[in-house]
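Novice: What follows is a single structure, and I will ask about it in a moment.
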Amino acid sequence: MSLLSVSNLVINIGAARPVDGVSFSIAAGECFALLGESGCGKSMTALALMRLLPPGAKVSQGQIEFSGTPLLTLPENRMRQVRGGGIGMIFQEPATSLNPVMRIGHQIGEALALHEQLQGVAARARAVELLTQVGIPDPVRRLDEFPFQLSGGMKQRVMIAMALAGRPRLLIADEPTTALDVTIQAQVLDVLDALRRKQGMAVLLITHDLGVVARMADRVGVMYAGQLIEEAPRAQFFAHPAHPYSIRLFAALPDPARRGGHLATIPGNVPPADTRYTGCRFVDRCTEALPQCRESAPEWRAVTSDQKMRCFLERSTSEKKTDTEKVGSDEATALQGGQAKNAFLAVANGDTATEDNDDAVEPPLLTVNDLRVHFPIRRGLLQRTVGHVRAVDGISLQLRTGRTLALVGESGCGKTTAGKAILQLIPPTAGQVYLNSQPLTGLSVSELRPLRVQMQMIFQDPFASLNPRMRVGDIIAEGMRTLGLQKGSQEDTTQRIAALLGRVGLGAEMASRYPHEFSGGQRQRIAIARALAVNPSLLVCDEPTSALDVSVQAQILNLLAQLQREQQLAFLFITHNIAVVDYLAHEVAVMYLGRIVERGTTDEVLRNPQHPYTQALLAAVLPVHGPVAAVTRLNGEMPSAAKPPHGCHFHPRCPHADVACCTTNPPEVVISATHSARCLKLKN
């Protein structure tokens, strides 16, 4: 018998239908994953199960039964008992879901008082037990802290503890690991899976991350434009995705085998929720559409005994095995010229036939020597400096024209601060930065202004970095105007803006719109167009694909690779996504607590990691295909940069640390001409 049964669920917001006829069931102890792009209705479905729909939204059709009880007709006082007590929920944004002015213990205590009738000492003891259960170190101290004192991974685990406080039989996890580091993601998923197996709890997992689905799910439901379009057991789905949409999701994944090539993308966007359909909802984005796809909506049909989809296409098993590869290769052939592609592939795959000569005659575009950024800690009435946050603590690197250097590491390791300090957006405490052999450190604002033309930054959150009160055309023109590059008439500027929008795959008519009128992927393209407006030679890309759907991520990666190929741009690519690094980067620098602990070519660092931290990062990556390896996860949290450990900064979390690691700062050990690491266990 199913623990949860959803039948023909329809949600209306005025004329819009974000959820339109969804049906599925979840058994006790089972993990069912809802997979799809942003805007397809996944989160709205989850909110309907909890009867927490936003104002204006209502369930107009369908049934929801939990443990045999119809939820849609329950009185609100009984529904409160179901929320938390029967169904728990982990919301997508823990930072906005936790009360910022209440201590962690108080917030967990509210759930315990409501569902367990626990107060005082008993509630505190149970809260400590819950925090221990979800892997938070020093739980007694954490109970008395506020959310802002916790890392992103800790906040997510506090949300899990609160959801588990009522001992729910069903846990709804809405994007529980979006934008988390791979190490923290692995810890959170391990906690969820262990609790599910131990307590027999069912899980509804909502995500767009295929790696998370491969790690957690028993069954998968693919959602598109308000409907489920494919359903299958996990193994069957990952071995033989059937629907054209599912196949293209797999084809859009970054893959080292396609390095330098073109990732398959899904043209267009998810249709608006107020769209009225006569045929298949995916027809306008499907390259295999048949005439009947526009005339009538496909019904469910069986692909195998345990897999079904909404599609008119018939596929044999052999076709399904190669469909993903065919999608990628067809797009590569259609969208890239042979000679340009081969030349770029040679560079991207490390063909250094001509690079040695380049090194001899051409200096690096960017050189960073012993860069440090220390922020003072001020306390007391007189605000005296009592210490420093060592955000960046002596990094050195080089980047040549037309190359990509990936700076990877966990949140809080100093990657973004380093990127901003390199561009002199933050004044460095010490060290030197050279752009085309010209020193940048120590220059005044007026002296830096003409050099801004050569270096630009793409920020992590394009919505926050784009002025919401300015039209897109004005946003792009602002940099040209500020740096004195806006020449000619207004008509010339308009044409320049139209050309830039076309360059990043947007229409010229979009110049008159505001940022809120675009999707996340489109806003990221606007941010790229703004950076390109001044013709830079260096782009610092700060997590430009973080939290994007795989299809949108593929579009952005294709665009960046094409821009680099055609304009010989150099990228300093800040990210924690190892798959993106493997696809795009030429060199990798691994950063931990303000220091670079390993550097080398992409193949050297990712195929032959030498530092224990690099090994832990790679071990935490969730494979989409094949079994998840049984590895030792990286435990604990990164220490505070205000009080970094003595000796090797990584030694409190390193399984190989000894007494020497606690006292000695490891020197750089040269492994090859291009590969080095800082670890006392390595020998020159």
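Every chain in the structure tokens has a letter given in the order shown (A, B, ...), and although residue numbers restart at 1 in each chain, ligands are simply numbered from 1 in the order shown.
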If you count only C-alpha atoms, which residues fall within 8 Å of Leu466 (chain A), apart from same-chain ones fewer than 6 positions away, as a list in words?

Specialist: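 In the requested form, the answer reads Ile475, Pro515 and Ala527 of chain A.
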
Novice: Write out the residues from the selection above, keeping N, CA, C and O atoms, as a PDB file, in the first residue's frame.

Specialist:
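The new file result_22.pdb reads:
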```pdb
ATOM      1  N   ILE A 475      22.064  48.787 -19.045  1.00  0.00           N
ATOM      2  CA  ILE A 475      23.018  48.036 -18.222  1.00  0.00           C
ATOM      3  C   ILE A 475      24.272  47.711 -19.037  1.00  0.00           C
ATOM      4  O   ILE A 475      25.404  47.859 -18.559  1.00  0.00           O
ATOM      5  N   PRO A 515      15.599  43.332 -15.949  1.00  0.00           N
ATOM      6  CA  PRO A 515      16.156  42.028 -15.566  1.00  0.00           C
ATOM      7  C   PRO A 515      15.131  41.024 -15.057  1.00  0.00           C
ATOM      8  O   PRO A 515      15.263  39.821 -15.300  1.00  0.00           O
ATOM      9  N   ALA A 527      24.691  39.348 -18.133  1.00  0.00           N
ATOM     10  CA  ALA A 527      25.897  39.685 -17.379  1.00  0.00           C
ATOM     11  C   ALA A 527      27.150  39.456 -18.224  1.00  0.00           C
ATOM     12  O   ALA A 527      28.104  40.244 -18.154  1.00  0.00           O
TER      13      ALA A 527
END
```

Novice: So that I can see what lies close to Arg196 (chain A), please list as a list of chain:residue names the residues with an atom at most 10 Å from it, counting only C-alpha atoms and leaving out residues fewer than 2 positions away in the same chain.

Specialist: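 In the requested format, the answer is A:Ala28, A:Gly29, A:Glu30, A:Cys31, A:Arg169, A:Leu170, A:Leu171, A:Asp190, A:Val191, A:Leu192, A:Asp193, A:Ala194, A:Lys198, A:Gln199, A:Gly200, A:Met201, A:Ala202, A:Val203.
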
Novice: Determine which residues of region 360-412 of chain A DSSP labels as strand (DSSP E or B) from the backbone of this structure, then write them out as a PyMOL selection string.

Specialist: chain A and resi 366-379+384-399+404-408

Novice: Using 7 Å as the limit and counting only C-alpha atoms, can you tabulate each residue of region 410-466 of chain A that touches region 372-395 of chain A, with its shortest atom-to-atom distance in Å and the two atoms involved, as a Markdown table?

Specialist:
```
| residue | atom | partner | partner_atom | distance |
| --- | --- | --- | --- | --- |
| A:Gly414 | CA | A:Ala391 | CA | 5.2 |
| A:Thr417 | CA | A:Ala391 | CA | 6.9 |
| A:Ala418 | CA | A:Val392 | CA | 6.3 |
| A:Pro428 | CA | A:Val373 | CA | 5.0 |
| A:Thr429 | CA | A:Val373 | CA | 4.9 |
| A:Ala430 | CA | A:Arg372 | CA | 5.0 |
| A:Gly431 | CA | A:Arg372 | CA | 6.1 |
```

Novice: The selected residues should be written to file as a PDB file, in the first residue's frame (atoms: N, CA and C atoms).

Specialist:
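Output file result_3.pdb follows:
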```pdb
ATOM      1  N   GLY A 414      38.038  31.332   0.239  1.00  0.00           N
ATOM      2  CA  GLY A 414      38.651  32.569  -0.225  1.00  0.00           C
ATOM      3  C   GLY A 414      38.677  32.749  -1.728  1.00  0.00           C
ATOM      4  N   THR A 417      36.968  36.134  -2.827  1.00  0.00           N
ATOM      5  CA  THR A 417      37.800  37.243  -2.345  1.00  0.00           C
ATOM      6  C   THR A 417      39.056  37.369  -3.189  1.00  0.00           C
ATOM      7  N   ALA A 418      39.658  36.234  -3.540  1.00  0.00           N
ATOM      8  CA  ALA A 418      40.854  36.268  -4.390  1.00  0.00           C
ATOM      9  C   ALA A 418      40.534  36.873  -5.749  1.00  0.00           C
ATOM     10  N   PRO A 428      44.231  44.518  -1.825  1.00  0.00           N
ATOM     11  CA  PRO A 428      45.019  43.455  -1.196  1.00  0.00           C
ATOM     12  C   PRO A 428      45.812  43.993  -0.010  1.00  0.00           C
ATOM     13  N   THR A 429      46.030  43.120   0.970  1.00  0.00           N
ATOM     14  CA  THR A 429      46.861  43.477   2.114  1.00  0.00           C
ATOM     15  C   THR A 429      48.342  43.426   1.742  1.00  0.00           C
ATOM     16  N   ALA A 430      48.690  42.450   0.899  1.00  0.00           N
ATOM     17  CA  ALA A 430      50.079  42.294   0.466  1.00  0.00           C
ATOM     18  C   ALA A 430      50.081  41.516  -0.833  1.00  0.00           C
ATOM     19  N   GLY A 431      51.243  41.490  -1.493  1.00  0.00           N
ATOM     20  CA  GLY A 431      51.364  40.756  -2.745  1.00  0.00           C
ATOM     21  C   GLY A 431      51.284  41.654  -3.959  1.00  0.00           C
TER      22      GLY A 431
END
```

Novice: Identify all residues of region 449-660 of chain A in alpha helix (DSSP H) (DSSP on the backbone) and supply them as a ChimeraX atom specification.

Specialist: /A:462-465,472-482,490-503,520-532,550-567,578-584,602-607,612-619,659-660

Novice: Select, from A:Gly520, A:Pro439, A:Pro536, A:Gly85, the residue with the minimum atom-to-atom distance to Leu483 (chain A), counting only C-alpha atoms.

Specialist: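 Closest to Leu483 (chain A) of all the choices is A:Pro536.
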
Novice: For Met457 (chain A), which of A:Asp474, A:Asp138, A:Asp542, A:Asp492 is the closest residue, counting only C-alpha atoms?

Specialist: A:Asp542

Novice: I'd like the interatomic distance between CA of His675 (chain A) and CA of Gln398 (chain A), to a tenth of an Å.

Specialist: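 It comes out at 13.3 Å.
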
Novice: Using only C-alpha atoms, what table do you get, as JSON lines, when you list each residue of region 260-315 of chain A with an atom no more than 12 Å from region 548-559 of chain A, its nearest pair of atoms, and their distance in Å rounded to one decimal, rows by chain then rising number?

Specialist:
```
{"residue": "A:Gly260", "atom": "CA", "partner": "A:Asn558", "partner_atom": "CA", "distance": 9.0}
{"residue": "A:Gly261", "atom": "CA", "partner": "A:Asn558", "partner_atom": "CA", "distance": 8.4}
{"residue": "A:His262", "atom": "CA", "partner": "A:Asn558", "partner_atom": "CA", "distance": 6.1}
{"residue": "A:Leu263", "atom": "CA", "partner": "A:Ala554", "partner_atom": "CA", "distance": 5.8}
{"residue": "A:Ala264", "atom": "CA", "partner": "A:Ala554", "partner_atom": "CA", "distance": 7.0}
{"residue": "A:Thr265", "atom": "CA", "partner": "A:Ser551", "partner_atom": "CA", "distance": 5.5}
{"residue": "A:Ile266", "atom": "CA", "partner": "A:Ser551", "partner_atom": "CA", "distance": 6.0}
{"residue": "A:Pro267", "atom": "CA", "partner": "A:Ser551", "partner_atom": "CA", "distance": 8.8}
{"residue": "A:Gly268", "atom": "CA", "partner": "A:Val552", "partner_atom": "CA", "distance": 9.7}
{"residue": "A:Asn269", "atom": "CA", "partner": "A:Val552", "partner_atom": "CA", "distance": 9.0}
{"residue": "A:Val270", "atom": "CA", "partner": "A:Ser551", "partner_atom": "CA", "distance": 10.9}
{"residue": "A:Arg285", "atom": "CA", "partner": "A:Ser551", "partner_atom": "CA", "distance": 11.9}
```

Novice: Create the file for the chosen residues now, containing N, CA, C and O atoms and written as a PDB file, in the first residue's frame.

Specialist:
```pdb
ATOM      1  N   GLY A 260      36.130  20.697 -24.895  1.00  0.00           N
ATOM      2  CA  GLY A 260      36.388  21.513 -26.064  1.00  0.00           C
ATOM      3  C   GLY A 260      35.338  21.378 -27.138  1.00  0.00           C
ATOM      4  O   GLY A 260      35.278  22.188 -28.051  1.00  0.00           O
ATOM      5  N   GLY A 261      34.508  20.342 -27.042  1.00  0.00           N
ATOM      6  CA  GLY A 261      33.439  20.166 -28.007  1.00  0.00           C
ATOM      7  C   GLY A 261      32.195  20.925 -27.581  1.00  0.00           C
ATOM      8  O   GLY A 261      32.198  21.704 -26.633  1.00  0.00           O
ATOM      9  N   HIS A 262      31.099  20.676 -28.258  1.00  0.00           N
ATOM     10  CA  HIS A 262      29.870  21.407 -28.018  1.00  0.00           C
ATOM     11  C   HIS A 262      28.914  20.529 -27.219  1.00  0.00           C
ATOM     12  O   HIS A 262      28.604  19.413 -27.614  1.00  0.00           O
ATOM     13  N   LEU A 263      28.443  21.041 -26.077  1.00  0.00           N
ATOM     14  CA  LEU A 263      27.464  20.314 -25.280  1.00  0.00           C
ATOM     15  C   LEU A 263      26.095  20.439 -25.923  1.00  0.00           C
ATOM     16  O   LEU A 263      25.722  21.502 -26.432  1.00  0.00           O
ATOM     17  N   ALA A 264      25.351  19.356 -25.899  1.00  0.00           N
ATOM     18  CA  ALA A 264      23.979  19.401 -26.407  1.00  0.00           C
ATOM     19  C   ALA A 264      23.139  20.302 -25.513  1.00  0.00           C
ATOM     20  O   ALA A 264      23.281  20.299 -24.291  1.00  0.00           O
ATOM     21  N   THR A 265      22.279  21.083 -26.092  1.00  0.00           N
ATOM     22  CA  THR A 265      21.402  21.973 -25.342  1.00  0.00           C
ATOM     23  C   THR A 265      19.960  21.725 -25.750  1.00  0.00           C
ATOM     24  O   THR A 265      19.684  21.109 -26.779  1.00  0.00           O
ATOM     25  N   ILE A 266      19.049  22.225 -24.925  1.00  0.00           N
ATOM     26  CA  ILE A 266      17.628  22.160 -25.251  1.00  0.00           C
ATOM     27  C   ILE A 266      17.214  23.563 -25.669  1.00  0.00           C
ATOM     28  O   ILE A 266      17.220  24.476 -24.840  1.00  0.00           O
ATOM     29  N   PRO A 267      16.896  23.787 -26.927  1.00  0.00           N
ATOM     30  CA  PRO A 267      16.556  25.143 -27.372  1.00  0.00           C
ATOM     31  C   PRO A 267      15.325  25.672 -26.650  1.00  0.00           C
ATOM     32  O   PRO A 267      14.422  24.912 -26.276  1.00  0.00           O
ATOM     33  N   GLY A 268      15.298  26.993 -26.459  1.00  0.00           N
ATOM     34  CA  GLY A 268      14.127  27.613 -25.848  1.00  0.00           C
ATOM     35  C   GLY A 268      14.078  27.426 -24.343  1.00  0.00           C
ATOM     36  O   GLY A 268      15.053  27.084 -23.698  1.00  0.00           O
ATOM     37  N   ASN A 269      12.898  27.641 -23.772  1.00  0.00           N
ATOM     38  CA  ASN A 269      12.683  27.565 -22.335  1.00  0.00           C
ATOM     39  C   ASN A 269      11.398  26.802 -22.039  1.00  0.00           C
ATOM     40  O   ASN A 269      10.577  26.554 -22.931  1.00  0.00           O
ATOM     41  N   VAL A 270      11.221  26.455 -20.764  1.00  0.00           N
ATOM     42  CA  VAL A 270       9.963  25.842 -20.339  1.00  0.00           C
ATOM     43  C   VAL A 270       8.837  26.832 -20.623  1.00  0.00           C
ATOM     44  O   VAL A 270       8.941  28.014 -20.276  1.00  0.00           O
ATOM     45  N   ARG A 285      10.427  22.336 -28.572  1.00  0.00           N
ATOM     46  CA  ARG A 285      11.853  22.196 -28.249  1.00  0.00           C
ATOM     47  C   ARG A 285      12.402  20.835 -28.680  1.00  0.00           C
ATOM     48  O   ARG A 285      13.568  20.545 -28.428  1.00  0.00           O
TER      49      ARG A 285
END
```

Novice: If we count only C-alpha atoms, what is near Met159 (chain A) at a cut-off of 12 Å, once residues fewer than 4 positions away on the same chain are taken out, given as a ChimeraX atom specification?

Specialist: /A:84,88-99,104-105,107-108,111,130-131,134,136,147,150,152-155,163-165,171-174,176-177,188,192

Novice: Can you write out the residues you just picked, keeping N, CA, C and O atoms, as a compact mmCIF listing (two decimals), in the first residue's frame?

Specialist:
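Wrote it out as part37.txt, contents follow:
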```txt
# COMPACT_ATOMS: atom_id res chain seq x y z
N GLY A 84 4.81 18.22 9.71
CA GLY A 84 5.83 17.98 10.72
C GLY A 84 5.66 16.65 11.39
O GLY A 84 6.62 15.88 11.53
N GLY A 88 7.23 15.88 6.87
CA GLY A 88 8.20 16.94 7.13
C GLY A 88 8.71 17.51 5.82
O GLY A 88 8.64 16.86 4.78
N MET A 89 9.23 18.74 5.86
CA MET A 89 9.70 19.37 4.63
C MET A 89 10.99 20.13 4.88
O MET A 89 11.11 20.88 5.85
N ILE A 90 11.96 19.92 3.99
CA ILE A 90 13.20 20.69 3.97
C ILE A 90 13.06 21.67 2.81
O ILE A 90 12.98 21.26 1.65
N PHE A 91 13.04 22.95 3.11
CA PHE A 91 12.83 23.96 2.07
C PHE A 91 14.13 24.24 1.34
O PHE A 91 15.23 23.98 1.83
N GLN A 92 13.99 24.82 0.14
CA GLN A 92 15.13 25.00 -0.75
C GLN A 92 16.16 25.96 -0.20
O GLN A 92 17.35 25.77 -0.37
N GLU A 93 15.73 27.00 0.50
CA GLU A 93 16.65 28.04 0.97
C GLU A 93 16.67 28.04 2.49
O GLU A 93 15.85 28.70 3.14
N PRO A 94 17.60 27.33 3.13
CA PRO A 94 17.64 27.32 4.59
C PRO A 94 17.91 28.69 5.19
O PRO A 94 17.44 29.00 6.28
N ALA A 95 18.66 29.53 4.46
CA ALA A 95 18.97 30.86 4.99
C ALA A 95 17.72 31.70 5.16
O ALA A 95 17.64 32.54 6.06
N THR A 96 16.72 31.51 4.30
CA THR A 96 15.48 32.27 4.41
C THR A 96 14.40 31.52 5.18
O THR A 96 13.39 32.10 5.56
N SER A 97 14.58 30.23 5.42
CA SER A 97 13.59 29.43 6.13
C SER A 97 13.82 29.45 7.64
O SER A 97 12.90 29.18 8.42
N LEU A 98 15.05 29.71 8.07
CA LEU A 98 15.36 29.81 9.49
C LEU A 98 15.16 31.24 9.97
O LEU A 98 15.51 32.19 9.27
N ASN A 99 14.59 31.39 11.17
CA ASN A 99 14.36 32.72 11.73
C ASN A 99 15.70 33.33 12.15
O ASN A 99 16.38 32.78 13.02
N ILE A 104 19.17 28.52 17.41
CA ILE A 104 18.88 27.24 16.79
C ILE A 104 18.07 26.34 17.73
O ILE A 104 17.10 25.69 17.33
N GLY A 105 18.47 26.30 19.01
CA GLY A 105 17.76 25.45 19.96
C GLY A 105 16.30 25.83 20.11
O GLY A 105 15.43 24.96 20.26
N GLN A 107 14.39 27.25 17.80
CA GLN A 107 13.65 26.89 16.60
C GLN A 107 13.34 25.39 16.55
O GLN A 107 12.24 24.98 16.17
N ILE A 108 14.33 24.57 16.95
CA ILE A 108 14.06 23.13 17.00
C ILE A 108 13.07 22.83 18.13
O ILE A 108 12.19 21.96 18.00
N ALA A 111 9.32 22.92 17.21
CA ALA A 111 8.82 21.70 16.57
C ALA A 111 8.65 20.59 17.59
O ALA A 111 7.67 19.82 17.53
N LEU A 130 19.12 15.27 17.95
CA LEU A 130 18.81 15.50 16.54
C LEU A 130 20.01 16.10 15.80
O LEU A 130 20.34 15.69 14.69
N LEU A 131 20.66 17.11 16.41
CA LEU A 131 21.82 17.72 15.77
C LEU A 131 22.96 16.72 15.62
O LEU A 131 23.68 16.73 14.62
N VAL A 134 22.23 14.42 12.63
CA VAL A 134 22.47 14.97 11.30
C VAL A 134 23.93 15.39 11.10
O VAL A 134 24.26 16.02 10.10
N ILE A 136 26.14 17.38 13.02
CA ILE A 136 26.67 18.70 13.36
C ILE A 136 27.63 18.56 14.54
O ILE A 136 27.23 18.06 15.61
N PRO A 147 21.38 31.52 13.27
CA PRO A 147 21.64 30.98 11.92
C PRO A 147 22.83 31.62 11.21
O PRO A 147 23.56 30.94 10.49
N LEU A 150 26.28 29.96 11.37
CA LEU A 150 26.46 28.63 10.80
C LEU A 150 26.78 28.73 9.31
O LEU A 150 26.34 29.65 8.62
N GLY A 152 26.59 27.26 5.30
CA GLY A 152 25.45 26.83 4.50
C GLY A 152 25.10 25.37 4.74
O GLY A 152 23.92 25.00 4.84
N GLY A 153 26.12 24.51 4.82
CA GLY A 153 25.87 23.10 5.06
C GLY A 153 25.27 22.85 6.42
O GLY A 153 24.38 22.00 6.58
N MET A 154 25.73 23.60 7.44
CA MET A 154 25.17 23.44 8.78
C MET A 154 23.71 23.89 8.83
O MET A 154 22.87 23.26 9.47
N LYS A 155 23.41 25.02 8.17
CA LYS A 155 22.02 25.49 8.14
C LYS A 155 21.12 24.45 7.49
O LYS A 155 19.99 24.22 7.93
N ALA A 163 12.99 19.17 10.52
CA ALA A 163 12.02 18.34 9.81
C ALA A 163 11.86 16.98 10.48
O ALA A 163 10.77 16.39 10.45
N LEU A 164 12.94 16.48 11.09
CA LEU A 164 12.88 15.16 11.73
C LEU A 164 12.36 15.22 13.16
O LEU A 164 12.09 14.17 13.76
N ALA A 165 12.20 16.43 13.69
CA ALA A 165 11.78 16.57 15.09
C ALA A 165 10.42 15.92 15.35
O ALA A 165 10.17 15.41 16.45
N LEU A 171 9.30 12.58 4.17
CA LEU A 171 10.11 13.79 4.17
C LEU A 171 10.17 14.34 2.75
O LEU A 171 10.57 13.64 1.82
N ILE A 172 9.75 15.60 2.58
CA ILE A 172 9.85 16.27 1.29
C ILE A 172 11.13 17.11 1.31
O ILE A 172 11.28 18.01 2.14
N ALA A 173 12.06 16.81 0.42
CA ALA A 173 13.34 17.52 0.35
C ALA A 173 13.38 18.30 -0.95
O ALA A 173 13.57 17.74 -2.03
N ASP A 174 13.18 19.62 -0.87
CA ASP A 174 13.12 20.48 -2.05
C ASP A 174 14.49 21.07 -2.32
O ASP A 174 14.94 21.99 -1.63
N PRO A 176 17.59 19.97 -1.70
CA PRO A 176 18.29 20.07 -0.41
C PRO A 176 19.77 20.38 -0.53
O PRO A 176 20.40 20.73 0.47
N THR A 177 20.35 20.24 -1.72
CA THR A 177 21.80 20.46 -1.86
C THR A 177 22.14 21.49 -2.93
O THR A 177 23.30 21.59 -3.33
N VAL A 188 25.25 15.86 3.54
CA VAL A 188 23.81 16.02 3.69
C VAL A 188 23.08 14.80 3.12
O VAL A 188 22.14 14.27 3.74
N LEU A 192 20.61 12.00 5.03
CA LEU A 192 19.25 11.69 4.60
C LEU A 192 19.07 10.21 4.30
O LEU A 192 18.08 9.59 4.70
```

Novice: Work out how far CA of Glu604 (chain A) is from CA of Lys683 (chain A), in Å to one decimal.

Specialist: 16.9 Å

Novice: For region 382-441 of chain A against region 610-613 of chain A, with a cut-off of 12 Å and counting only C-alpha atoms, what is the closest atom pair and its distance in Å to one decimal for every residue that makes the cut, ordered by chain and number, as a tab-separated table?

Specialist:
```
residue	atom	partner	partner_atom	distance
A:Val408	CA	A:Tyr613	CA	11.1
A:Gly409	CA	A:Tyr613	CA	9.1
A:Glu410	CA	A:Tyr613	CA	10.2
```

Novice: Hey, can you check how far CA of Ser489 (chain A) sits from CA of Gly505 (chain A)?

Specialist: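 So the answer is 24.7 Å.
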
Novice: Find the residues around Thr416 (chain A) up to 12 Å (only C-alpha atoms counted), leave out those fewer than 5 positions away in its own chain, and share them as a compact mmCIF listing (two decimals) with N, CA and C atoms, in the first residue's frame.

Specialist:
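result-v3.txt, freshly written:
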```txt
# COMPACT_ATOMS: atom_id res chain seq x y z
N VAL A 373 44.85 38.85 1.49
CA VAL A 373 43.76 39.75 1.85
C VAL A 373 43.36 39.42 3.28
N ALA A 391 41.41 35.84 4.77
CA ALA A 391 40.59 35.30 3.69
C ALA A 391 41.45 34.73 2.56
N VAL A 392 42.48 35.46 2.18
CA VAL A 392 43.46 35.00 1.19
C VAL A 392 44.83 35.14 1.85
N LEU A 407 39.70 27.85 -10.27
CA LEU A 407 40.02 27.97 -8.85
C LEU A 407 38.91 27.27 -8.09
N VAL A 408 39.21 26.12 -7.48
CA VAL A 408 38.18 25.29 -6.87
C VAL A 408 38.41 25.15 -5.37
N GLY A 409 37.34 24.84 -4.66
CA GLY A 409 37.42 24.66 -3.22
C GLY A 409 36.06 24.89 -2.60
N GLU A 410 35.95 24.61 -1.31
CA GLU A 410 34.68 24.77 -0.60
C GLU A 410 34.36 26.25 -0.39
N SER A 411 33.08 26.51 -0.09
CA SER A 411 32.68 27.87 0.27
C SER A 411 33.45 28.31 1.51
N ALA A 421 40.11 40.59 -5.38
CA ALA A 421 41.38 41.26 -5.09
C ALA A 421 42.26 41.33 -6.34
N ILE A 422 42.21 40.30 -7.17
CA ILE A 422 42.99 40.31 -8.41
C ILE A 422 42.53 41.47 -9.30
N LEU A 423 41.22 41.72 -9.34
CA LEU A 423 40.69 42.83 -10.13
C LEU A 423 40.75 44.16 -9.38
N LEU A 425 39.07 45.07 -6.89
CA LEU A 425 37.78 45.48 -6.34
C LEU A 425 37.84 45.47 -4.82
N ILE A 426 38.78 44.70 -4.27
CA ILE A 426 39.11 44.70 -2.85
C ILE A 426 40.61 44.99 -2.75
N MET A 457 34.42 41.09 -14.62
CA MET A 457 33.98 40.00 -13.75
C MET A 457 32.53 39.65 -14.02
N ILE A 458 32.24 38.34 -14.05
CA ILE A 458 30.87 37.83 -14.12
C ILE A 458 30.54 37.30 -12.73
N PHE A 459 29.59 37.93 -12.06
CA PHE A 459 29.29 37.59 -10.68
C PHE A 459 28.40 36.36 -10.59
N GLN A 460 28.39 35.75 -9.37
CA GLN A 460 27.67 34.49 -9.17
C GLN A 460 26.17 34.65 -9.35
N VAL A 540 36.97 37.20 -15.02
CA VAL A 540 36.89 36.42 -13.78
C VAL A 540 35.43 35.97 -13.64
N CYS A 541 35.21 34.66 -13.71
CA CYS A 541 33.86 34.09 -13.70
C CYS A 541 33.62 33.46 -12.33
N ASP A 542 32.79 34.09 -11.50
CA ASP A 542 32.54 33.62 -10.15
C ASP A 542 31.27 32.76 -10.12
N GLU A 543 31.45 31.45 -10.12
CA GLU A 543 30.33 30.49 -10.08
C GLU A 543 29.25 30.86 -11.11
N PRO A 544 29.59 31.02 -12.38
CA PRO A 544 28.59 31.50 -13.34
C PRO A 544 27.50 30.48 -13.65
N LEU A 572 39.54 33.21 -15.47
CA LEU A 572 39.77 32.70 -14.12
C LEU A 572 38.41 32.23 -13.65
N PHE A 573 38.22 30.91 -13.59
CA PHE A 573 36.90 30.32 -13.41
C PHE A 573 36.79 29.81 -11.97
N ILE A 574 36.00 30.51 -11.16
CA ILE A 574 35.82 30.16 -9.75
C ILE A 574 34.59 29.25 -9.63
N THR A 575 34.78 28.05 -9.08
CA THR A 575 33.66 27.11 -9.03
C THR A 575 33.94 26.01 -8.02
N HIS A 576 32.88 25.29 -7.65
CA HIS A 576 33.05 24.04 -6.90
C HIS A 576 32.50 22.86 -7.68
N MET A 591 42.06 25.39 -3.71
CA MET A 591 42.25 26.36 -2.64
C MET A 591 41.60 25.87 -1.35
N GLY A 594 42.28 29.90 2.28
CA GLY A 594 43.12 31.02 1.88
C GLY A 594 44.41 30.66 1.19
```

Novice: Identify which of the residues A:Val182, A:Val212, A:Leu560, A:Val597 lies closest to Ala616 (chain A), counting only C-alpha atoms when measuring atom-to-atom distances.

Specialist: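 Closest to Ala616 (chain A), using only C-alpha atoms: A:Val182.
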